[in-house]
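One file, work26.cif, carrying mmCIF, C-alpha atoms:
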```
data_query
loop_
_atom_site.label_atom_id
_atom_site.label_comp_id
_atom_site.auth_asym_id
_atom_site.auth_seq_id
_atom_site.Cartn_x
_atom_site.Cartn_y
_atom_site.Cartn_z
CA MET G 25 -60.04 185.92 63.83
CA SER G 26 -56.44 184.79 63.58
CA ASP G 27 -53.56 187.11 62.73
CA GLU G 28 -53.10 185.29 59.41
CA GLU G 29 -56.71 185.94 58.41
CA LEU G 30 -56.43 189.63 59.31
CA GLN G 31 -53.27 189.87 57.23
CA THR G 32 -55.09 188.27 54.31
CA MET G 33 -57.99 190.67 54.68
CA ASN G 34 -55.60 193.61 54.54
CA ARG G 35 -53.42 192.21 51.77
CA ALA G 36 -54.29 195.00 49.35
CA ALA G 37 -53.12 197.64 51.85
CA VAL G 38 -49.72 196.18 52.70
CA VAL G 39 -46.71 198.01 51.30
CA ARG G 40 -43.40 196.24 50.86
CA THR G 41 -40.55 197.55 52.96
CA THR G 42 -37.49 198.66 50.99
CA PRO G 43 -34.30 200.37 52.18
CA ASP G 44 -35.62 203.80 51.21
CA ARG G 45 -39.27 203.29 52.20
CA GLN G 46 -40.80 203.03 55.68
CA PRO G 47 -42.93 200.06 56.79
CA PRO G 48 -46.71 200.45 56.58
CA THR G 49 -48.26 202.65 59.18
CA PRO G 50 -50.87 201.37 61.63
CA ALA G 51 -53.55 203.12 59.58
CA HIS G 52 -52.95 200.51 56.87
CA VAL G 53 -53.66 197.58 59.19
CA ALA G 54 -57.16 196.09 59.30
CA PRO G 55 -58.81 196.89 62.65
CA THR G 56 -59.61 193.93 64.87
CA TRP G 57 -63.34 194.68 64.78
CA LEU G 58 -63.57 194.40 61.00
CA GLY G 59 -63.90 190.62 60.77
CA PRO G 60 -66.81 190.17 63.23
CA VAL G 61 -68.67 193.23 61.92
CA LEU G 62 -68.21 192.01 58.37
CA ILE G 63 -69.70 188.62 59.24
CA VAL G 64 -72.73 190.34 60.81
CA GLY G 65 -73.03 192.54 57.74
CA ILE G 66 -72.96 189.55 55.37
CA VAL G 67 -75.65 187.74 57.36
CA LEU G 68 -77.93 190.80 57.52
CA ALA G 69 -77.44 191.61 53.84
CA ALA G 70 -78.26 188.02 52.83
CA LEU G 71 -81.39 188.06 55.00
CA ASN G 72 -82.62 191.04 52.94
CA LEU G 73 -82.06 189.62 49.46
CA ARG G 74 -85.55 188.10 49.06
CA PRO G 75 -88.14 189.60 51.51
CA ALA G 76 -88.88 192.41 49.03
CA ILE G 77 -90.11 189.68 46.66
CA THR G 78 -91.65 187.03 48.90
CA SER G 79 -93.47 189.51 51.16
CA LEU G 80 -95.18 190.95 48.08
CA GLY G 81 -96.03 187.44 46.90
CA ALA G 82 -97.81 186.76 50.18
CA LEU G 83 -99.95 189.90 49.81
CA PHE G 84 -100.06 190.13 46.04
CA GLU G 85 -103.83 189.83 45.65
CA GLU G 86 -104.46 192.54 48.28
CA THR G 87 -101.82 194.79 46.73
CA ARG G 88 -103.16 194.30 43.24
CA THR G 89 -106.70 195.15 44.36
CA GLY G 90 -105.58 198.10 46.47
CA LEU G 91 -103.66 199.71 43.60
CA GLY G 92 -106.16 198.78 40.90
CA MET G 93 -103.60 196.89 38.83
CA SER G 94 -104.63 195.34 35.56
CA GLY G 95 -103.72 191.74 34.84
CA THR G 96 -100.99 192.90 32.45
CA VAL G 97 -99.37 195.16 35.04
CA ALA G 98 -99.60 192.43 37.68
CA GLY G 99 -97.87 190.01 35.31
CA LEU G 100 -95.18 192.62 34.67
CA ILE G 101 -94.48 193.01 38.37
CA THR G 102 -93.99 189.27 38.79
CA SER G 103 -91.36 189.34 36.01
CA VAL G 104 -89.54 192.44 37.26
CA PRO G 105 -87.26 190.78 39.87
CA ALA G 106 -85.35 188.59 37.41
CA LEU G 107 -85.15 191.44 34.89
CA CYS G 108 -83.76 193.87 37.50
CA PHE G 109 -81.26 191.28 38.73
CA ALA G 110 -79.99 190.88 35.18
CA VAL G 111 -79.90 194.55 34.21
CA PHE G 112 -78.51 196.09 37.39
CA GLY G 113 -76.17 193.19 38.13
CA VAL G 114 -74.17 194.09 35.03
CA THR G 115 -73.21 197.43 36.59
CA ALA G 116 -71.69 195.85 39.70
CA PRO G 117 -68.12 195.32 38.36
CA ARG G 118 -67.75 198.93 37.24
CA LEU G 119 -69.16 200.30 40.49
CA SER G 120 -66.99 197.93 42.50
CA ARG G 121 -63.82 199.12 40.72
CA ARG G 122 -64.80 202.76 41.24
CA PHE G 123 -65.99 202.69 44.87
CA GLY G 124 -64.99 199.29 46.27
CA PRO G 125 -67.31 196.29 46.81
CA ALA G 126 -68.07 197.09 50.46
CA ALA G 127 -69.23 200.62 49.65
CA VAL G 128 -71.44 199.36 46.82
CA VAL G 129 -73.03 196.72 49.08
CA CYS G 130 -73.67 199.46 51.65
CA ALA G 131 -75.35 201.59 49.00
CA GLY G 132 -77.26 198.54 47.80
CA MET G 133 -78.68 197.90 51.26
CA ALA G 134 -79.63 201.57 51.51
CA ALA G 135 -81.46 201.29 48.17
CA VAL G 136 -83.31 198.19 49.39
CA ALA G 137 -84.41 199.99 52.56
CA THR G 138 -85.44 203.14 50.68
CA GLY G 139 -87.52 201.24 48.15
CA LEU G 140 -89.25 199.24 50.87
CA LEU G 141 -90.01 202.43 52.78
CA ILE G 142 -91.49 204.18 49.74
CA ARG G 143 -93.56 201.52 48.01
CA PRO G 144 -96.26 201.00 50.69
CA PHE G 145 -97.15 204.68 50.29
CA ALA G 146 -97.51 204.49 46.50
CA THR G 147 -100.94 205.51 45.23
CA GLY G 148 -100.62 203.91 41.81
CA ALA G 149 -99.05 200.95 40.05
CA ALA G 150 -96.31 203.08 38.41
CA GLY G 151 -95.03 204.45 41.72
CA PHE G 152 -95.20 201.02 43.31
CA LEU G 153 -93.25 199.52 40.41
CA ALA G 154 -90.59 202.26 40.57
CA ALA G 155 -90.07 201.80 44.32
CA SER G 156 -89.88 198.04 43.88
CA ALA G 157 -87.32 198.49 41.11
CA LEU G 158 -85.16 200.62 43.45
CA SER G 159 -85.13 197.84 46.05
CA LEU G 160 -84.46 195.22 43.39
CA ALA G 161 -81.54 197.25 42.01
CA GLY G 162 -79.95 197.23 45.47
CA ILE G 163 -80.57 193.50 45.74
CA ALA G 164 -79.00 192.93 42.31
CA LEU G 165 -75.79 194.73 43.27
CA THR G 166 -75.59 192.86 46.57
CA ASN G 167 -76.31 189.54 44.83
CA VAL G 168 -73.24 190.01 42.66
CA LEU G 169 -70.87 191.46 45.24
CA LEU G 170 -71.42 189.30 48.33
CA PRO G 171 -69.47 186.41 46.75
CA VAL G 172 -66.73 188.95 45.98
CA ILE G 173 -66.69 190.13 49.60
CA VAL G 174 -66.39 186.52 50.76
CA LYS G 175 -63.53 185.79 48.36
CA ARG G 176 -61.69 189.00 49.23
CA TYR G 177 -61.91 188.90 53.03
CA PHE G 178 -62.27 185.18 53.70
CA PRO G 179 -60.20 183.49 50.95
CA ASP G 180 -59.46 180.44 53.10
CA ARG G 181 -63.07 180.02 54.25
CA VAL G 182 -65.03 180.44 51.02
CA GLY G 183 -67.17 177.34 51.65
CA THR G 184 -68.04 178.20 55.25
CA MET G 185 -68.83 181.86 54.58
CA THR G 186 -70.78 181.07 51.42
CA GLY G 187 -72.76 178.53 53.44
CA LEU G 188 -73.53 181.16 56.07
CA TYR G 189 -74.55 183.65 53.40
CA SER G 190 -76.70 181.10 51.51
CA MET G 191 -78.35 179.87 54.71
CA SER G 192 -79.20 183.45 55.70
CA LEU G 193 -80.65 184.12 52.26
CA ALA G 194 -82.84 180.99 52.48
CA ALA G 195 -83.92 181.95 56.00
CA GLY G 196 -84.91 185.46 54.87
CA THR G 197 -86.87 184.02 51.96
CA SER G 198 -88.78 181.59 54.16
CA LEU G 199 -89.32 184.11 56.96
CA ALA G 200 -90.91 186.72 54.71
CA ALA G 201 -93.10 184.12 52.99
CA ALA G 202 -94.34 182.63 56.27
CA ALA G 203 -94.56 185.71 58.51
CA THR G 204 -95.92 188.46 56.24
CA VAL G 205 -99.60 187.48 56.45
CA PRO G 206 -99.63 186.91 60.26
CA LEU G 207 -97.72 190.17 60.80
CA THR G 208 -100.19 192.02 58.57
CA ALA G 209 -103.12 190.66 60.57
CA ALA G 210 -101.45 191.53 63.87
CA LEU G 211 -100.71 195.09 62.73
CA GLY G 212 -104.26 195.93 61.66
CA GLY G 213 -104.77 194.04 58.40
CA SER G 214 -103.50 196.65 55.92
CA TRP G 215 -101.31 195.28 53.12
CA ARG G 216 -99.35 198.54 53.21
CA THR G 217 -98.30 197.94 56.82
CA GLY G 218 -97.50 194.31 56.03
CA LEU G 219 -95.07 195.39 53.31
CA LEU G 220 -93.65 198.32 55.28
CA VAL G 221 -92.49 196.17 58.19
CA TRP G 222 -89.73 194.60 56.08
CA ALA G 223 -88.09 198.00 55.62
CA VAL G 224 -87.04 197.81 59.28
CA LEU G 225 -84.92 194.71 58.64
CA ALA G 226 -83.33 196.42 55.63
CA LEU G 227 -82.49 199.55 57.64
CA VAL G 228 -80.78 197.42 60.27
CA ALA G 229 -78.71 195.78 57.51
CA VAL G 230 -77.27 199.14 56.46
CA LEU G 231 -75.66 199.80 59.86
CA PRO G 232 -72.72 197.32 59.88
CA TRP G 233 -71.79 198.20 56.31
CA LEU G 234 -71.18 201.88 57.12
CA PRO G 235 -67.96 201.29 59.15
CA VAL G 236 -66.93 198.39 56.89
CA ALA G 237 -67.21 200.63 53.80
CA ARG G 238 -65.16 203.37 55.48
CA ALA G 239 -62.41 200.95 56.53
CA SER G 240 -62.36 199.37 53.08
CA ARG G 241 -62.07 202.75 51.35
CA ARG G 242 -59.16 203.77 53.60
CA ALA G 243 -57.33 200.53 52.84
CA ASP G 244 -57.96 200.89 49.11
CA ARG G 245 -56.69 204.48 49.07
CA ALA G 246 -53.58 203.45 50.98
CA ALA G 247 -52.95 200.59 48.56
CA THR G 248 -53.45 202.87 45.54
CA ALA G 249 -51.06 205.48 46.92
CA ALA G 250 -48.47 202.83 47.74
CA ALA G 251 -48.76 201.25 44.29
CA ALA G 252 -48.42 204.64 42.60
CA ALA G 253 -45.35 205.50 44.67
CA ALA G 254 -43.74 202.13 43.94
CA ALA G 255 -44.48 202.25 40.21
CA GLY G 256 -43.36 205.83 39.71
CA PRO G 257 -44.89 208.64 37.62
CA GLY G 258 -44.45 206.80 34.34
CA ALA G 259 -46.88 204.09 35.30
CA ARG G 260 -49.78 206.33 36.26
CA ALA G 261 -51.34 206.21 32.82
CA GLY G 262 -52.30 202.61 33.36
CA ALA G 263 -53.70 203.13 36.83
CA GLY G 264 -57.20 201.89 37.32
CA ALA G 265 -57.10 199.75 34.18
CA ASP G 266 -59.37 196.75 34.14
CA THR G 267 -56.98 193.79 34.39
CA GLY G 268 -59.55 191.11 35.11
CA PRO G 269 -60.17 188.18 32.75
CA ARG G 270 -62.54 188.49 29.81
CA VAL G 271 -65.14 186.06 31.03
CA VAL G 272 -66.95 185.76 27.70
CA ARG G 273 -63.93 183.79 26.45
CA SER G 274 -64.27 181.20 29.19
CA ARG G 275 -66.28 178.02 28.58
CA THR G 276 -66.50 177.51 32.33
CA ALA G 277 -68.04 180.97 32.75
CA TRP G 278 -70.67 180.18 30.13
CA ALA G 279 -71.40 176.78 31.70
CA LEU G 280 -71.76 178.44 35.11
CA ALA G 281 -74.02 181.20 33.74
CA CYS G 282 -76.32 178.73 31.98
CA TYR G 283 -76.36 176.45 35.04
CA PHE G 284 -77.32 179.47 37.15
CA GLY G 285 -80.08 180.31 34.67
CA LEU G 286 -81.62 176.84 34.65
CA GLN G 287 -81.53 176.44 38.42
CA ALA G 288 -83.13 179.89 38.79
CA THR G 289 -85.77 178.85 36.26
CA GLY G 290 -86.60 175.79 38.34
CA ALA G 291 -86.69 177.81 41.56
CA TYR G 292 -89.03 180.48 40.16
CA ILE G 293 -91.33 177.84 38.65
CA THR G 294 -91.45 176.01 41.99
CA MET G 295 -92.18 179.16 43.99
CA GLY G 296 -94.80 180.35 41.52
CA TRP G 297 -96.63 177.17 40.58
CA LEU G 298 -96.05 174.38 43.13
CA PRO G 299 -99.05 175.28 45.34
CA GLN G 300 -101.32 175.33 42.29
CA ILE G 301 -100.03 171.90 41.20
CA PHE G 302 -100.95 170.46 44.60
CA ARG G 303 -104.33 172.23 44.71
CA ASP G 304 -105.28 170.92 41.28
CA ALA G 305 -104.42 167.43 42.55
CA GLY G 306 -106.96 167.77 45.37
CA VAL G 307 -104.73 169.07 48.16
CA SER G 308 -106.32 171.84 50.27
CA ALA G 309 -105.13 175.41 49.84
CA SER G 310 -103.71 175.61 53.36
CA THR G 311 -101.81 172.34 52.99
CA ALA G 312 -100.49 173.41 49.59
CA GLY G 313 -99.06 176.53 51.22
CA VAL G 314 -97.40 174.48 53.93
CA LEU G 315 -95.91 172.17 51.28
CA LEU G 316 -94.35 175.16 49.54
CA ALA G 317 -92.95 176.34 52.88
CA VAL G 318 -91.42 172.88 53.40
CA THR G 319 -89.77 173.12 49.98
CA MET G 320 -88.33 176.53 50.80
CA VAL G 321 -87.23 175.67 54.34
CA MET G 322 -85.13 172.77 53.03
CA GLY G 323 -82.78 175.41 51.71
CA VAL G 324 -81.84 176.65 55.19
CA PRO G 325 -79.77 173.72 56.50
CA LEU G 326 -78.60 172.49 53.11
CA ALA G 327 -77.47 175.98 52.10
CA PHE G 328 -74.92 175.76 54.90
CA VAL G 329 -73.85 172.16 54.25
CA ILE G 330 -73.45 172.19 50.46
CA PRO G 331 -70.95 175.10 50.12
CA GLY G 332 -68.65 173.60 52.76
CA LEU G 333 -68.78 170.23 51.06
CA ALA G 334 -68.19 171.76 47.62
CA ALA G 335 -65.19 173.77 48.84
CA ARG G 336 -63.49 170.58 50.02
CA MET G 337 -63.89 168.90 46.63
CA LYS G 338 -61.75 169.53 43.56
CA ASN G 339 -64.63 168.67 41.22
CA GLN G 340 -68.17 169.61 42.23
CA GLY G 341 -69.92 167.89 39.33
CA ALA G 342 -71.12 165.03 41.54
CA ILE G 343 -73.09 167.47 43.71
CA ALA G 344 -74.75 168.98 40.63
CA VAL G 345 -75.72 165.50 39.41
CA THR G 346 -77.14 164.49 42.80
CA LEU G 347 -79.23 167.65 43.15
CA GLY G 348 -80.54 167.25 39.61
CA LEU G 349 -81.55 163.61 40.22
CA PHE G 350 -83.50 164.63 43.33
CA GLY G 351 -85.39 167.13 41.18
CA LEU G 352 -86.10 164.56 38.47
CA ILE G 353 -87.58 162.16 41.03
CA GLY G 354 -89.65 164.99 42.51
CA TYR G 355 -91.12 166.01 39.16
CA LEU G 356 -91.82 162.40 38.19
CA GLY G 357 -93.61 162.00 41.51
CA LEU G 358 -95.74 165.06 40.81
CA TYR G 359 -96.54 163.61 37.38
CA PHE G 360 -97.69 160.17 38.56
CA ALA G 361 -98.93 160.68 42.14
CA PRO G 362 -99.05 164.38 43.07
CA ALA G 363 -101.35 164.05 46.09
CA ALA G 364 -100.35 160.62 47.41
CA GLY G 365 -96.68 161.51 47.81
CA ALA G 366 -97.01 165.28 48.19
CA TRP G 367 -94.74 165.59 51.23
CA ALA G 368 -92.00 163.50 49.62
CA TRP G 369 -92.10 165.48 46.38
CA ALA G 370 -91.94 168.78 48.29
CA LEU G 371 -88.87 167.58 50.18
CA LEU G 372 -87.13 166.33 47.03
CA LEU G 373 -87.76 169.56 45.14
CA GLY G 374 -86.51 171.54 48.15
CA ILE G 375 -83.24 169.59 48.00
CA SER G 376 -82.97 170.09 44.24
CA ASN G 377 -83.43 173.85 44.60
CA CYS G 378 -80.25 173.93 46.68
CA ALA G 379 -78.39 174.21 43.39
CA PHE G 380 -78.35 177.95 44.22
CA PRO G 381 -75.81 177.75 47.10
CA LEU G 382 -73.76 175.39 44.94
CA VAL G 383 -73.56 177.86 42.06
CA ILE G 384 -72.70 180.73 44.40
CA THR G 385 -69.86 178.63 45.82
CA LEU G 386 -68.64 177.79 42.31
CA ILE G 387 -68.39 181.51 41.52
CA GLY G 388 -65.80 181.84 44.29
CA LEU G 389 -63.96 178.66 43.29
CA ARG G 390 -63.78 179.16 39.53
CA ALA G 391 -61.84 182.45 39.73
CA LYS G 392 -58.46 183.15 41.34
CA SER G 393 -58.46 186.93 41.72
CA PRO G 394 -60.92 189.43 43.20
CA ALA G 395 -61.25 190.99 39.74
CA GLY G 396 -62.06 187.58 38.33
CA VAL G 397 -64.67 186.84 40.99
CA VAL G 398 -66.53 190.13 40.49
CA LYS G 399 -66.60 189.66 36.72
CA LEU G 400 -67.65 186.03 36.94
CA SER G 401 -70.32 186.82 39.53
CA ALA G 402 -71.79 189.63 37.43
CA PHE G 403 -71.67 187.62 34.22
CA ALA G 404 -73.09 184.40 35.66
CA GLN G 405 -75.89 186.07 37.61
CA SER G 406 -76.91 188.61 34.97
CA THR G 407 -76.88 186.06 32.16
CA GLY G 408 -78.53 183.47 34.38
CA TYR G 409 -81.40 185.71 35.45
CA LEU G 410 -82.04 186.67 31.82
CA ILE G 411 -82.28 182.97 30.98
CA SER G 412 -84.75 182.41 33.83
CA ILE G 413 -87.26 185.11 32.83
CA PRO G 414 -89.32 183.08 30.29
CA GLY G 415 -89.58 179.92 32.44
CA PRO G 416 -92.58 180.70 34.70
CA LEU G 417 -94.39 182.43 31.82
CA VAL G 418 -93.94 179.42 29.51
CA ILE G 419 -95.12 177.01 32.21
CA GLY G 420 -98.19 179.17 32.82
CA ALA G 421 -99.00 179.27 29.10
CA LEU G 422 -98.61 175.50 28.76
CA TYR G 423 -100.85 174.95 31.79
CA GLN G 424 -103.52 177.24 30.41
CA HIS G 425 -103.54 175.80 26.89
CA SER G 426 -103.14 172.11 27.80
CA GLY G 427 -105.64 172.23 30.65
CA GLY G 428 -103.44 170.27 33.04
CA TRP G 429 -99.98 169.71 34.44
CA ASP G 430 -98.73 166.76 32.39
CA LEU G 431 -97.00 168.84 29.71
CA PRO G 432 -95.60 171.52 32.09
CA LEU G 433 -94.21 168.85 34.44
CA ALA G 434 -92.61 167.02 31.52
CA LEU G 435 -90.90 170.27 30.50
CA MET G 436 -89.72 170.95 34.07
CA ALA G 437 -88.17 167.48 34.27
CA ALA G 438 -86.60 167.85 30.81
CA LEU G 439 -84.90 171.11 31.79
CA LEU G 440 -83.04 169.29 34.55
CA VAL G 441 -81.11 167.22 31.99
CA PRO G 442 -79.13 170.15 30.50
CA GLN G 443 -78.88 171.60 34.02
CA ILE G 444 -77.08 168.47 35.20
CA VAL G 445 -74.73 168.52 32.17
CA LEU G 446 -73.91 172.19 32.69
CA GLY G 447 -73.32 171.58 36.41
CA VAL G 448 -70.77 168.90 35.56
CA LEU G 449 -68.99 171.27 33.17
CA ALA G 450 -69.02 174.16 35.67
CA GLY G 451 -67.80 171.88 38.45
CA ARG G 452 -64.53 170.93 36.74
CA ASP G 453 -61.33 171.93 38.54
CA ARG G 454 -60.28 174.94 36.48
CA THR G 455 -60.45 178.74 36.65
CA ILE G 456 -61.53 181.40 34.21
CA GLU G 457 -58.07 183.01 34.45
CA ASP G 458 -56.48 179.80 33.17
CA GLU G 459 -58.97 179.56 30.32
CA CYS G 460 -58.37 183.18 29.38
CA GLY G 461 -54.59 182.69 29.36
CA MET G 462 -53.91 184.85 32.41
CA ARG G 463 -51.22 184.11 34.97
CA ASP G 464 -50.93 184.88 38.68
#
```
This entry written out as C-alpha cells:
Amino acid sequence: MSDEELQTMNRAAVVRTTPDRQPPTPAHVAPTWLGPVLIVGIVLAALNLRPAITSLGALFEETRTGLGMSGTVAGLITSVPALCFAVFGVTAPRLSRRFGPAAVVCAGMAAVATGLLIRPFATGAAGFLAASALSLAGIALTNVLLPVIVKRYFPDRVGTMTGLYSMSLAAGTSLAAAATVPLTAALGGSWRTGLLVWAVLALVAVLPWLPVARASRRADRAATAAAAAAAGPGARAGAGADTGPRVVRSRTAWALACYFGLQATGAYITMGWLPQIFRDAGVSASTAGVLLAVTMVMGVPLAFVIPGLAARMKNQGAIAVTLGLFGLIGYLGLYFAPAAGAWAWALLLGISNCAFPLVITLIGLRAKSPAGVVKLSAFAQSTGYLISIPGPLVIGALYQHSGGWDLPLALMAALLVPQIVLGVLAGRDRTIEDECGMRD
C-alpha cells in the first residue's frame, strides 16, 4: 500500500501539531501489515456470509428428517435468515460506535464459527434453531459493517474493494451450495458432518480480525484522547455523541433500502424456487440443480466488475436499469419457454441478481462520512431484509393455489418494475448528509 493510503487509514488517529503539543507518536501510526491483513480479513469474512444458509439448503431434507422437524418448523427455519439479518443488523451502528467496526466484525465472525460448531450437535429443532440464529446474528453484523470497513480504510478504492468483497461472498455462496453434498458423502454421509465442516472456514476467518481489531482499538483510543485534550474539559459532555445523519429523513436512503429489499426478494425467490420451475417444465432434477448453480456462479465475476464500474460513474441508475431488464427478459423466457431456453434464462437471471453488489457499492457512495455509511448500511439492509421476508412465501402460496407458475412468474416480473425505478432514484449523485442538511 502507498504512504497516502496508510495515512488515510490512520486519519482518525492523527493529532495536529501545535506549538505546545508534540507530534503524534509512532504508536499512532498504522502498521505496515494492517492493509494486507485487512484485505485477507475482508475476503475471508465475505466467504463466510452465506455458507451457513446454503449448506443447510443442500442438506435440508436430511436435517429435517434427522431432527424430526414439523413442516411448520421447517418453514420457520427457511424464513429465519432474512429475519435475523433485519433484527440484528439494526444493532450494528450502536455496537460499532461503542467498540469500533473491526472489533464487531471480529466478534461477528466468532459468532458465526460458534453457531456452526454447535448446531450439528443439536438433538432437537429448538437447539438447532438457536445455534443457527447465533451464526446468523454474526452474519448480520458483518453484512452491515463490511461496507463501513471498506469506506473507512479504503476510501479511494471503494469500487475495487467492494467488488472483491462481493465476489468473495458470491464464491462462498456457490461453494457451499455445490460442495456440501459431495463433502458429506466423502466424510461418511452424515448430515451433521456435512454441516460441521463449514465451521472450519469460519474459524479461519476469525484469525486476521484479531490483530486488526487490536490495532483499530489502539488507534481509536489515541484519537479519542487527542480529541479530548484538544477540546478541553468543557467539551467532554458531548463526547461520544451520535453525530451521524438521520437517515430516515433521506429520500435516497429510503430508495436504497427499498431497492435492497426488492433485489433480495428476487434473489431469495430464485434460490428457493428456480429448480422447481425448471423441474415442472420437464427438466431433470440434476439439470435443474446445475441451472441454479449457473445462476449463482454468474455472481462471481460480475460481483467484481459491477462495483468498479459503478464507482467510476456519477449516476448508477443506468446499471440498475440494465440489470432489471435482464431479469425481465429472464422471467418472460421462463413464462413462455421454460425448458427450451433454460440455459439462457438461468444466465439472464444470474446477471439480474447482481443487483446485490450494486446496492452494496451504493451504500459506500451515498454517504460521505464513516458515521453516515454505518447508519445507511444498517438502515438499508435491515429495512431491505424485512421487505424481502414475504416474497418466497407469497410465491409458494400462489404456486400452490394456482397450480402452476404463470401467476408467480407474472408477479416476479412485475416486482422488477418498481425495483428499476428505485434503482434509478438510489443511483442519483447525492449523499444522505446533503439531504439531511449536514455539512463536512
Straight-line distance linking CA of Pro117 (chain G) with CA of Ser406 (chain G), stated in Å to one decimal: 11.6 Å
With all atoms listed in the file counted, which protein, DNA or RNA residues have an atom no more than 12 Å from (-77.2, 185.5, 51.4) in the file frame? Please answer as a ChimeraX atom specification. /G:63-75,163-164,166-171,173-174,185-197,323-324,327-328,380-381,384-385
Region 456-459 of chain G environment, 6 Å, all atoms listed in the file, sequence neighbours closer than 4 positions dropped, as a ChimeraX atom specification: /G:269,274,391
Can you turn the PyMOL selection byres ((chain G and resi 139) around 9) into a concrete residue list for this file, as a PDB file with C-alpha atoms, in the coordinates of the input?
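For reference, part.pdb as written:
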```
ATOM      1  CA  ALA G  76     -88.880 192.410  49.030  1.00  0.00           C
ATOM      2  CA  ALA G 134     -79.630 201.570  51.510  1.00  0.00           C
ATOM      3  CA  ALA G 135     -81.460 201.290  48.170  1.00  0.00           C
ATOM      4  CA  VAL G 136     -83.310 198.190  49.390  1.00  0.00           C
ATOM      5  CA  ALA G 137     -84.410 199.990  52.560  1.00  0.00           C
ATOM      6  CA  THR G 138     -85.440 203.140  50.680  1.00  0.00           C
ATOM      7  CA  LEU G 140     -89.250 199.240  50.870  1.00  0.00           C
ATOM      8  CA  LEU G 141     -90.010 202.430  52.780  1.00  0.00           C
ATOM      9  CA  ILE G 142     -91.490 204.180  49.740  1.00  0.00           C
ATOM     10  CA  ARG G 143     -93.560 201.520  48.010  1.00  0.00           C
ATOM     11  CA  ALA G 154     -90.590 202.260  40.570  1.00  0.00           C
ATOM     12  CA  ALA G 155     -90.070 201.800  44.320  1.00  0.00           C
ATOM     13  CA  SER G 156     -89.880 198.040  43.880  1.00  0.00           C
ATOM     14  CA  ALA G 157     -87.320 198.490  41.110  1.00  0.00           C
ATOM     15  CA  LEU G 158     -85.160 200.620  43.450  1.00  0.00           C
ATOM     16  CA  SER G 159     -85.130 197.840  46.050  1.00  0.00           C
ATOM     17  CA  LEU G 160     -84.460 195.220  43.390  1.00  0.00           C
ATOM     18  CA  GLY G 162     -79.950 197.230  45.470  1.00  0.00           C
ATOM     19  CA  ALA G 223     -88.090 198.000  55.620  1.00  0.00           C
TER      20      ALA G 223
END
```
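The space separating CA of Arg88 (chain G) from CA of Tyr292 (chain G) comes to 20.0 Å.
In this model, the gap between CA of Ala106 (chain G) and CA of Tyr409 (chain G) comes to 5.3 Å.
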At a cut-off of 10 Å, can you tabulate as JSON lines every residue of region 159-197 of chain G near region 334-349 of chain G together with its closest atom pair and the distance in Å to one decimal, using all atoms listed in the file and ordering rows by chain then number?
```
{"residue": "G:Asp180", "atom": "CA", "partner": "G:Ala335", "partner_atom": "CA", "distance": 9.8}
{"residue": "G:Arg181", "atom": "CA", "partner": "G:Ala335", "partner_atom": "CA", "distance": 8.5}
{"residue": "G:Val182", "atom": "CA", "partner": "G:Ala335", "partner_atom": "CA", "distance": 7.0}
{"residue": "G:Gly183", "atom": "CA", "partner": "G:Ala335", "partner_atom": "CA", "distance": 5.0}
{"residue": "G:Thr184", "atom": "CA", "partner": "G:Ala335", "partner_atom": "CA", "distance": 8.3}
{"residue": "G:Thr186", "atom": "CA", "partner": "G:Ala335", "partner_atom": "CA", "distance": 9.5}
```
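Applied to this file, the PyMOL selection byres ((chain G and resi 302-311) around 10) selects G:Trp297, G:Leu298, G:Pro299, G:Gln300, G:Ile301, G:Ala312, G:Gly313, G:Val314, G:Leu315, G:Leu316, G:Ala317, G:Leu358, G:Ala361, G:Pro362, G:Ala363, G:Ala364, G:Ala366, G:Trp367, G:Ala370, G:Gly428, G:Trp429.
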Residue with the minimum atom-to-atom distance to Ala404 (chain G), picked from G:Ala239, G:Val271, G:Leu373, G:Leu333 with only C-alpha atoms counted, is G:Val271
Given the file above and the PyMOL selection byres ((chain G and resi 375) around 9), which residues are selected, and can you give them as a ChimeraX atom specification? /G:319,322-323,326,347,350-351,370-374,376-379
Identify the residues around (-94.4, 194.3, 53.4) within a radius of 8 Å, measuring from all atoms listed in the file in the coordinates stated by the file, and give them as a compact mmCIF listing (two decimals) with C-alpha atoms, in the frame of the given file.
```
# COMPACT_ATOMS: atom_id res chain seq x y z
CA ALA G 76 -88.88 192.41 49.03
CA SER G 79 -93.47 189.51 51.16
CA LEU G 80 -95.18 190.95 48.08
CA LEU G 83 -99.95 189.90 49.81
CA LEU G 140 -89.25 199.24 50.87
CA PRO G 144 -96.26 201.00 50.69
CA THR G 204 -95.92 188.46 56.24
CA TRP G 215 -101.31 195.28 53.12
CA ARG G 216 -99.35 198.54 53.21
CA THR G 217 -98.30 197.94 56.82
CA GLY G 218 -97.50 194.31 56.03
CA LEU G 219 -95.07 195.39 53.31
CA LEU G 220 -93.65 198.32 55.28
CA VAL G 221 -92.49 196.17 58.19
CA TRP G 222 -89.73 194.60 56.08
CA ALA G 223 -88.09 198.00 55.62
```
Leu58 (chain G) proximity check over G:Trp233, G:Phe123, G:Phe112, G:Phe152, using only C-alpha atoms: winner is G:Trp233
Spatial neighbours of Gly415 (chain G), max dist 8 Å, all atoms listed in the file, sep filter under 2 positions, as a list of chain:residue names: G:Thr289, G:Gly290, G:Tyr292, G:Ile293, G:Ser412, G:Ile413, G:Leu417, G:Val418, G:Ile419
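The residue that comes closest to Leu439 (chain G), out of G:Leu352, G:Leu225, G:Ala200, G:Leu400 and on the basis of all atoms listed in the file, is G:Leu352.
Considering all atoms listed in the file, the residue among G:Leu433, G:Trp278, G:Ala288, G:Val397 positioned nearest to Gly354 (chain G) is G:Leu433.
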